[in-house]
Amino acid sequence: TLFHSFIMEPKETKTTEEPTTSTQTKPDKDTNPITLTTPTTEEETKATTPANNDEESKEPKMSKNQLKKLKKKEEWLARKPEKRRLEREKRKAKKAEIKKQLEERRKNGEEIAQPERKKLKLEDWDKRRTEAVKVVVDCEFEEHMLDKEIASLCKQCMYCYAENKKSEYPMDVAFTGVCGKIKDGLDKVNAPRWKATVSDQSYIDLYKDRKDDLVYLTADSEEVLDIIDESKIYIIGGLVDRNRLKNGTFKKAQEQGIKTARFPLEKYIKMTGTKILTIVHAYNILIEHRQLKDWEQTLMKVLPQRKDPVLKNLDA
């Protein structure tokens, strides 16, 4: 009994009071300090390491807006091949039409040199442009815009002209009130050589004999544009101000005694965000509607996906 107590006392001392001196006393197999302390260390490691690994392996959660943008990007990428296919078919149809015209001229005994094909194409496009509806981009808002907004305006004017050039239904477009920094910006994109009217005059002076035909397109108008009248001159406000100048285009039109109208967005479309459109979107709505003759198809094709446009059920 005395010998047993003598053996047990060092066990209590080495485990509680002096764990570092346990190697000096020869312990039993059951009282090995290594086997007593190692499980504790392993348990602590198991308790901490997996949690840390889980935290490191977890990817940062995406917000609802990020998920929404990612979904839209995936949808855009899915539609891209079909869009490219339609553009190729459209180019083929244009070439076929030009070829047909050339063959007709040859049948009539005309000799057409190879370089004249491009000239014929441009002449045909220019004829359709001058006979079409007139659209004005009003560039008289320079004093209300910052330099970066003026640069954005010039870029959008360039996009409008590019859309007009490749359209089967071009419009007779004019850029009026082009002065100062806006003129400098448009000169950089070769605007003086465009098949369009680029003038420092106001549209009021340029079309003073047709004031009754002027219609200013503005989201603040109470009149809805149900039909695009080819005899009218439609004006798009060349204003990029991030919505600082409230009712700016509408007030200007009222002061000048000009008719106003707005696109029938509320009638056909449900969408999020503001109803104010960019210059390019307003221009594309006009040019696409001339071809499609349908507001639902036009608006769904032109409106940006960020506005989440959805057709209304008109029968409900």
# chains A, B, ... in the order shown; residues from 1 in each chain; ligands from 1
>>> residues_around(residues="stretch 175-180 of chain A", least_positions_apart="3", cutoff="7 Å", atoms="only C-alpha atoms", output="PyMOL selection string")
chain A and resi 136-140+183-184+197-203
>>> write_last_selection(atoms="C-alpha atoms", output="compact mmCIF listing (two decimals), in the first residue's frame")
# COMPACT_ATOMS: atom_id res chain seq x y z
CA VAL A 136 -32.79 66.57 -85.24
CA VAL A 137 -30.32 66.16 -82.38
CA ASP A 138 -30.44 69.45 -80.47
CA CYS A 139 -26.89 70.28 -79.32
CA GLU A 140 -27.62 73.66 -77.70
CA LYS A 183 -18.01 71.25 -82.49
CA ASP A 184 -14.44 70.37 -81.53
CA THR A 197 -26.63 68.17 -91.67
CA VAL A 198 -24.14 69.47 -89.09
CA SER A 199 -24.91 73.12 -88.40
CA ASP A 200 -24.20 75.81 -85.81
CA GLN A 201 -27.71 77.15 -86.42
CA SER A 202 -30.62 76.37 -84.14
CA TYR A 203 -33.35 74.09 -85.51
>>> residues_around(residues="A:Lys188", least_positions_apart="5", cutoff="12 Å", atoms="only C-alpha atoms", output="ChimeraX atom specification")
/A:151,154-155,158,181-183,193
>>> write_last_selection(atoms="all heavy atoms", output="PDB file, in the first residue's frame")
ATOM      1  N   ALA A 151     -18.205  65.069 -74.037  1.00  0.00           N
ATOM      2  CA  ALA A 151     -17.548  63.968 -74.745  1.00  0.00           C
ATOM      3  C   ALA A 151     -18.524  62.821 -74.982  1.00  0.00           C
ATOM      4  O   ALA A 151     -18.530  62.194 -76.052  1.00  0.00           O
ATOM      5  CB  ALA A 151     -16.332  63.492 -73.955  1.00  0.00           C
ATOM      6  N   CYS A 154     -20.901  63.757 -77.877  1.00  0.00           N
ATOM      7  CA  CYS A 154     -20.263  63.604 -79.191  1.00  0.00           C
ATOM      8  C   CYS A 154     -20.185  62.130 -79.589  1.00  0.00           C
ATOM      9  O   CYS A 154     -20.405  61.779 -80.758  1.00  0.00           O
ATOM     10  CB  CYS A 154     -18.866  64.220 -79.163  1.00  0.00           C
ATOM     11  SG  CYS A 154     -18.868  66.018 -78.922  1.00  0.00           S
ATOM     12  N   LYS A 155     -19.907  61.285 -78.621  1.00  0.00           N
ATOM     13  CA  LYS A 155     -19.823  59.851 -78.910  1.00  0.00           C
ATOM     14  C   LYS A 155     -21.195  59.303 -79.290  1.00  0.00           C
ATOM     15  O   LYS A 155     -21.325  58.488 -80.213  1.00  0.00           O
ATOM     16  CB  LYS A 155     -19.279  59.113 -77.694  1.00  0.00           C
ATOM     17  CG  LYS A 155     -18.969  57.648 -77.945  1.00  0.00           C
ATOM     18  CD  LYS A 155     -18.363  56.987 -76.714  1.00  0.00           C
ATOM     19  CE  LYS A 155     -16.984  57.525 -76.442  1.00  0.00           C
ATOM     20  NZ  LYS A 155     -16.333  56.784 -75.333  1.00  0.00           N
ATOM     21  N   MET A 158     -22.062  60.228 -82.803  1.00  0.00           N
ATOM     22  CA  MET A 158     -21.354  59.350 -83.725  1.00  0.00           C
ATOM     23  C   MET A 158     -22.071  58.010 -83.848  1.00  0.00           C
ATOM     24  O   MET A 158     -22.222  57.468 -84.951  1.00  0.00           O
ATOM     25  CB  MET A 158     -19.919  59.140 -83.235  1.00  0.00           C
ATOM     26  CG  MET A 158     -19.070  58.244 -84.132  1.00  0.00           C
ATOM     27  SD  MET A 158     -17.425  57.968 -83.447  1.00  0.00           S
ATOM     28  CE  MET A 158     -17.827  57.012 -81.983  1.00  0.00           C
ATOM     29  N   LYS A 181     -17.101  73.491 -77.714  1.00  0.00           N
ATOM     30  CA  LYS A 181     -16.488  72.188 -77.418  1.00  0.00           C
ATOM     31  C   LYS A 181     -17.206  71.045 -78.131  1.00  0.00           C
ATOM     32  O   LYS A 181     -16.581  70.041 -78.465  1.00  0.00           O
ATOM     33  CB  LYS A 181     -16.495  71.948 -75.903  1.00  0.00           C
ATOM     34  CG  LYS A 181     -15.602  72.901 -75.129  1.00  0.00           C
ATOM     35  CD  LYS A 181     -15.653  72.621 -73.631  1.00  0.00           C
ATOM     36  CE  LYS A 181     -14.755  73.571 -72.858  1.00  0.00           C
ATOM     37  NZ  LYS A 181     -14.818  73.316 -71.390  1.00  0.00           N
ATOM     38  N   ILE A 182     -18.494  71.205 -78.340  1.00  0.00           N
ATOM     39  CA  ILE A 182     -19.242  70.163 -79.056  1.00  0.00           C
ATOM     40  C   ILE A 182     -18.758  70.088 -80.504  1.00  0.00           C
ATOM     41  O   ILE A 182     -18.570  68.999 -81.053  1.00  0.00           O
ATOM     42  CB  ILE A 182     -20.757  70.431 -78.992  1.00  0.00           C
ATOM     43  CG1 ILE A 182     -21.239  70.334 -77.543  1.00  0.00           C
ATOM     44  CG2 ILE A 182     -21.520  69.443 -79.862  1.00  0.00           C
ATOM     45  CD1 ILE A 182     -22.700  70.660 -77.344  1.00  0.00           C
ATOM     46  N   LYS A 183     -18.531  71.239 -81.116  1.00  0.00           N
ATOM     47  CA  LYS A 183     -18.010  71.246 -82.492  1.00  0.00           C
ATOM     48  C   LYS A 183     -16.619  70.616 -82.547  1.00  0.00           C
ATOM     49  O   LYS A 183     -16.313  69.812 -83.448  1.00  0.00           O
ATOM     50  CB  LYS A 183     -17.956  72.687 -83.022  1.00  0.00           C
ATOM     51  CG  LYS A 183     -17.475  72.766 -84.473  1.00  0.00           C
ATOM     52  CD  LYS A 183     -17.400  74.206 -84.951  1.00  0.00           C
ATOM     53  CE  LYS A 183     -17.020  74.272 -86.432  1.00  0.00           C
ATOM     54  NZ  LYS A 183     -15.736  73.590 -86.715  1.00  0.00           N
ATOM     55  N   ARG A 193     -17.721  65.461 -92.660  1.00  0.00           N
ATOM     56  CA  ARG A 193     -17.820  64.643 -93.873  1.00  0.00           C
ATOM     57  C   ARG A 193     -19.019  63.681 -93.828  1.00  0.00           C
ATOM     58  O   ARG A 193     -19.186  62.875 -94.739  1.00  0.00           O
ATOM     59  CB  ARG A 193     -16.522  63.847 -94.064  1.00  0.00           C
ATOM     60  CG  ARG A 193     -15.302  64.725 -94.269  1.00  0.00           C
ATOM     61  CD  ARG A 193     -14.073  63.898 -94.593  1.00  0.00           C
ATOM     62  NE  ARG A 193     -14.246  63.142 -95.831  1.00  0.00           N
ATOM     63  CZ  ARG A 193     -13.348  62.282 -96.293  1.00  0.00           C
ATOM     64  NH1 ARG A 193     -12.227  62.059 -95.631  1.00  0.00           N
ATOM     65  NH2 ARG A 193     -13.580  61.626 -97.424  1.00  0.00           N
TER      66      ARG A 193
END
>>> residues_around(residues="A:Lys259", least_positions_apart="6", cutoff="7 Å", atoms="only C-alpha atoms", output="ChimeraX atom specification")
/A:214-216
>>> atom_distance(atom1="atom CA of A:Leu277", atom2="atom CA of A:Pro304")
9.5 Å
>>> closest_residue(among="A:Ile98, A:Ile235, A:Val173, A:Ile228", to="A:Asp124", atoms="only C-alpha atoms")
A:Ile98
>>> select_by_dssp(residues="stretch 74-315 of chain A", states="strand (DSSP E)", output="PyMOL selection string")
chain A and resi 134-138+172-176+197-198+214-217+233-237+259-261+269-270+310-311
>>> write_last_selection(atoms="N, CA, C and O atoms", output="CSV table (one decimal), in the first residue's frame")
chain,number,residue,atom,x,y,z
A,134,LYS,N,-37.3,63.4,-91.0
A,134,LYS,CA,-36.2,64.2,-90.5
A,134,LYS,C,-36.2,64.1,-89.0
A,134,LYS,O,-37.2,64.2,-88.3
A,135,VAL,N,-34.9,63.9,-88.5
A,135,VAL,CA,-34.7,63.8,-87.1
A,135,VAL,C,-33.6,64.8,-86.7
A,135,VAL,O,-32.5,64.8,-87.4
A,136,VAL,N,-33.8,65.6,-85.7
A,136,VAL,CA,-32.8,66.6,-85.2
A,136,VAL,C,-32.3,66.2,-83.9
A,136,VAL,O,-33.0,65.8,-83.0
A,137,VAL,N,-30.9,66.3,-83.7
A,137,VAL,CA,-30.3,66.2,-82.4
A,137,VAL,C,-29.9,67.6,-82.0
A,137,VAL,O,-29.1,68.2,-82.6
A,138,ASP,N,-30.6,68.1,-80.9
A,138,ASP,CA,-30.4,69.5,-80.5
A,138,ASP,C,-29.2,69.5,-79.6
A,138,ASP,O,-29.2,69.0,-78.4
A,172,ASP,N,-33.2,61.2,-92.3
A,172,ASP,CA,-32.5,62.4,-92.6
A,172,ASP,C,-32.2,63.2,-91.3
A,172,ASP,O,-33.0,63.9,-90.8
A,173,VAL,N,-31.0,62.9,-90.8
A,173,VAL,CA,-30.6,63.4,-89.5
A,173,VAL,C,-29.8,64.7,-89.6
A,173,VAL,O,-29.1,64.9,-90.5
A,174,ALA,N,-30.1,65.6,-88.6
A,174,ALA,CA,-29.4,66.9,-88.5
A,174,ALA,C,-28.9,67.1,-87.1
A,174,ALA,O,-29.6,66.8,-86.1
A,175,PHE,N,-27.7,67.6,-87.0
A,175,PHE,CA,-27.2,68.0,-85.6
A,175,PHE,C,-27.1,69.5,-85.6
A,175,PHE,O,-26.3,70.1,-86.4
A,176,THR,N,-27.9,70.1,-84.8
A,176,THR,CA,-28.0,71.6,-84.8
A,176,THR,C,-27.4,72.2,-83.5
A,176,THR,O,-27.3,71.5,-82.5
A,197,THR,N,-26.7,66.7,-91.9
A,197,THR,CA,-26.6,68.2,-91.7
A,197,THR,C,-26.0,68.4,-90.3
A,197,THR,O,-26.5,68.0,-89.3
A,198,VAL,N,-24.8,69.1,-90.3
A,198,VAL,CA,-24.1,69.5,-89.1
A,198,VAL,C,-24.0,71.0,-89.1
A,198,VAL,O,-23.2,71.5,-89.9
A,214,LEU,N,-42.4,70.8,-86.3
A,214,LEU,CA,-41.4,70.4,-85.3
A,214,LEU,C,-42.1,69.8,-84.1
A,214,LEU,O,-43.1,70.3,-83.6
A,215,VAL,N,-41.6,68.6,-83.6
A,215,VAL,CA,-42.1,67.9,-82.5
A,215,VAL,C,-40.9,67.5,-81.6
A,215,VAL,O,-40.0,66.7,-82.0
A,216,TYR,N,-40.9,68.1,-80.4
A,216,TYR,CA,-39.8,67.8,-79.5
A,216,TYR,C,-40.1,66.6,-78.6
A,216,TYR,O,-41.1,66.5,-78.0
A,217,LEU,N,-39.3,65.5,-78.7
A,217,LEU,CA,-39.5,64.3,-78.0
A,217,LEU,C,-38.9,64.4,-76.6
A,217,LEU,O,-37.7,64.6,-76.4
A,233,ILE,N,-40.9,66.8,-88.2
A,233,ILE,CA,-39.5,66.8,-87.8
A,233,ILE,C,-39.3,66.6,-86.3
A,233,ILE,O,-39.8,67.4,-85.5
A,234,TYR,N,-38.8,65.4,-86.0
A,234,TYR,CA,-38.7,65.0,-84.6
A,234,TYR,C,-37.3,65.5,-84.0
A,234,TYR,O,-36.3,65.2,-84.6
A,235,ILE,N,-37.4,66.1,-82.8
A,235,ILE,CA,-36.2,66.6,-82.2
A,235,ILE,C,-35.9,65.8,-80.9
A,235,ILE,O,-36.7,65.5,-80.1
A,236,ILE,N,-34.6,65.4,-80.8
A,236,ILE,CA,-34.1,64.7,-79.6
A,236,ILE,C,-33.2,65.6,-78.9
A,236,ILE,O,-32.2,66.2,-79.5
A,237,GLY,N,-33.4,65.8,-77.6
A,237,GLY,CA,-32.5,66.7,-76.8
A,237,GLY,C,-31.1,66.1,-76.7
A,237,GLY,O,-31.0,65.1,-76.1
A,259,LYS,N,-44.5,71.8,-80.5
A,259,LYS,CA,-45.3,70.6,-80.0
A,259,LYS,C,-44.3,69.6,-79.3
A,259,LYS,O,-43.1,69.6,-79.7
A,260,THR,N,-44.8,68.9,-78.4
A,260,THR,CA,-44.0,67.9,-77.7
A,260,THR,C,-44.7,66.5,-77.7
A,260,THR,O,-45.9,66.4,-77.9
A,261,ALA,N,-43.9,65.5,-77.5
A,261,ALA,CA,-44.5,64.1,-77.5
A,261,ALA,C,-43.5,63.2,-76.7
A,261,ALA,O,-42.3,63.5,-76.6
A,269,ILE,N,-44.9,48.8,-72.1
A,269,ILE,CA,-43.8,48.2,-71.4
A,269,ILE,C,-43.8,48.4,-69.9
A,269,ILE,O,-44.2,49.5,-69.4
A,270,LYS,N,-43.5,47.4,-69.1
A,270,LYS,CA,-43.2,47.6,-67.7
A,270,LYS,C,-41.7,47.6,-67.5
A,270,LYS,O,-41.0,46.6,-68.0
A,310,VAL,N,-40.4,44.5,-69.7
A,310,VAL,CA,-41.4,43.4,-69.9
A,310,VAL,C,-42.6,43.9,-70.5
A,310,VAL,O,-43.1,45.0,-70.2
A,311,LEU,N,-43.1,43.2,-71.5
A,311,LEU,CA,-44.3,43.6,-72.2
A,311,LEU,C,-45.5,43.5,-71.2
A,311,LEU,O,-45.7,42.6,-70.4
>>> residues_around(residues="stretch 246-251 of chain A", least_positions_apart="3", cutoff="7 Å", atoms="only C-alpha atoms", output="list in words")
Thr218, Asp220, Ser221, Gly237, Asn243, Gln254 and Glu255 of chain A
>>> write_last_selection(atoms="C-alpha atoms", output="tab-separated table (two decimals), in the first residue's frame")
chain	number	residue	atom	x	y	z
A	218	THR	CA	-39.34	64.54	-74.21
A	220	ASP	CA	-42.11	65.09	-69.62
A	221	SER	CA	-44.68	65.61	-72.37
A	237	GLY	CA	-32.52	66.69	-76.84
A	243	ASN	CA	-30.89	64.26	-64.82
A	254	GLN	CA	-42.85	75.26	-74.42
A	255	GLU	CA	-40.97	78.56	-74.51
>>> atom_distance(atom1="atom CA of A:Tyr268", atom2="atom CA of A:Lys312")
5.4 Å
>>> atom_distance(atom1="atom CA of A:Asn190", atom2="atom CA of A:Lys166")
17.1 Å
>>> select_by_dssp(residues="stretch 123-232 of chain A", states="helix (DSSP H, G or I)", output="VMD selection string")
chain A and resid 123 to 130 142 to 144 147 to 166 180 to 188 191 to 193 203 to 206 208 to 213
>>> closest_residue(among="A:Glu142, A:Lys99, A:Ser167, A:Asp241", to="A:Asn284", atoms="only C-alpha atoms")
A:Ser167
>>> closest_residue(among="A:Ile287, A:Arg306, A:Pro60, A:Ile279", to="A:Lys73", atoms="only C-alpha atoms")
A:Arg306
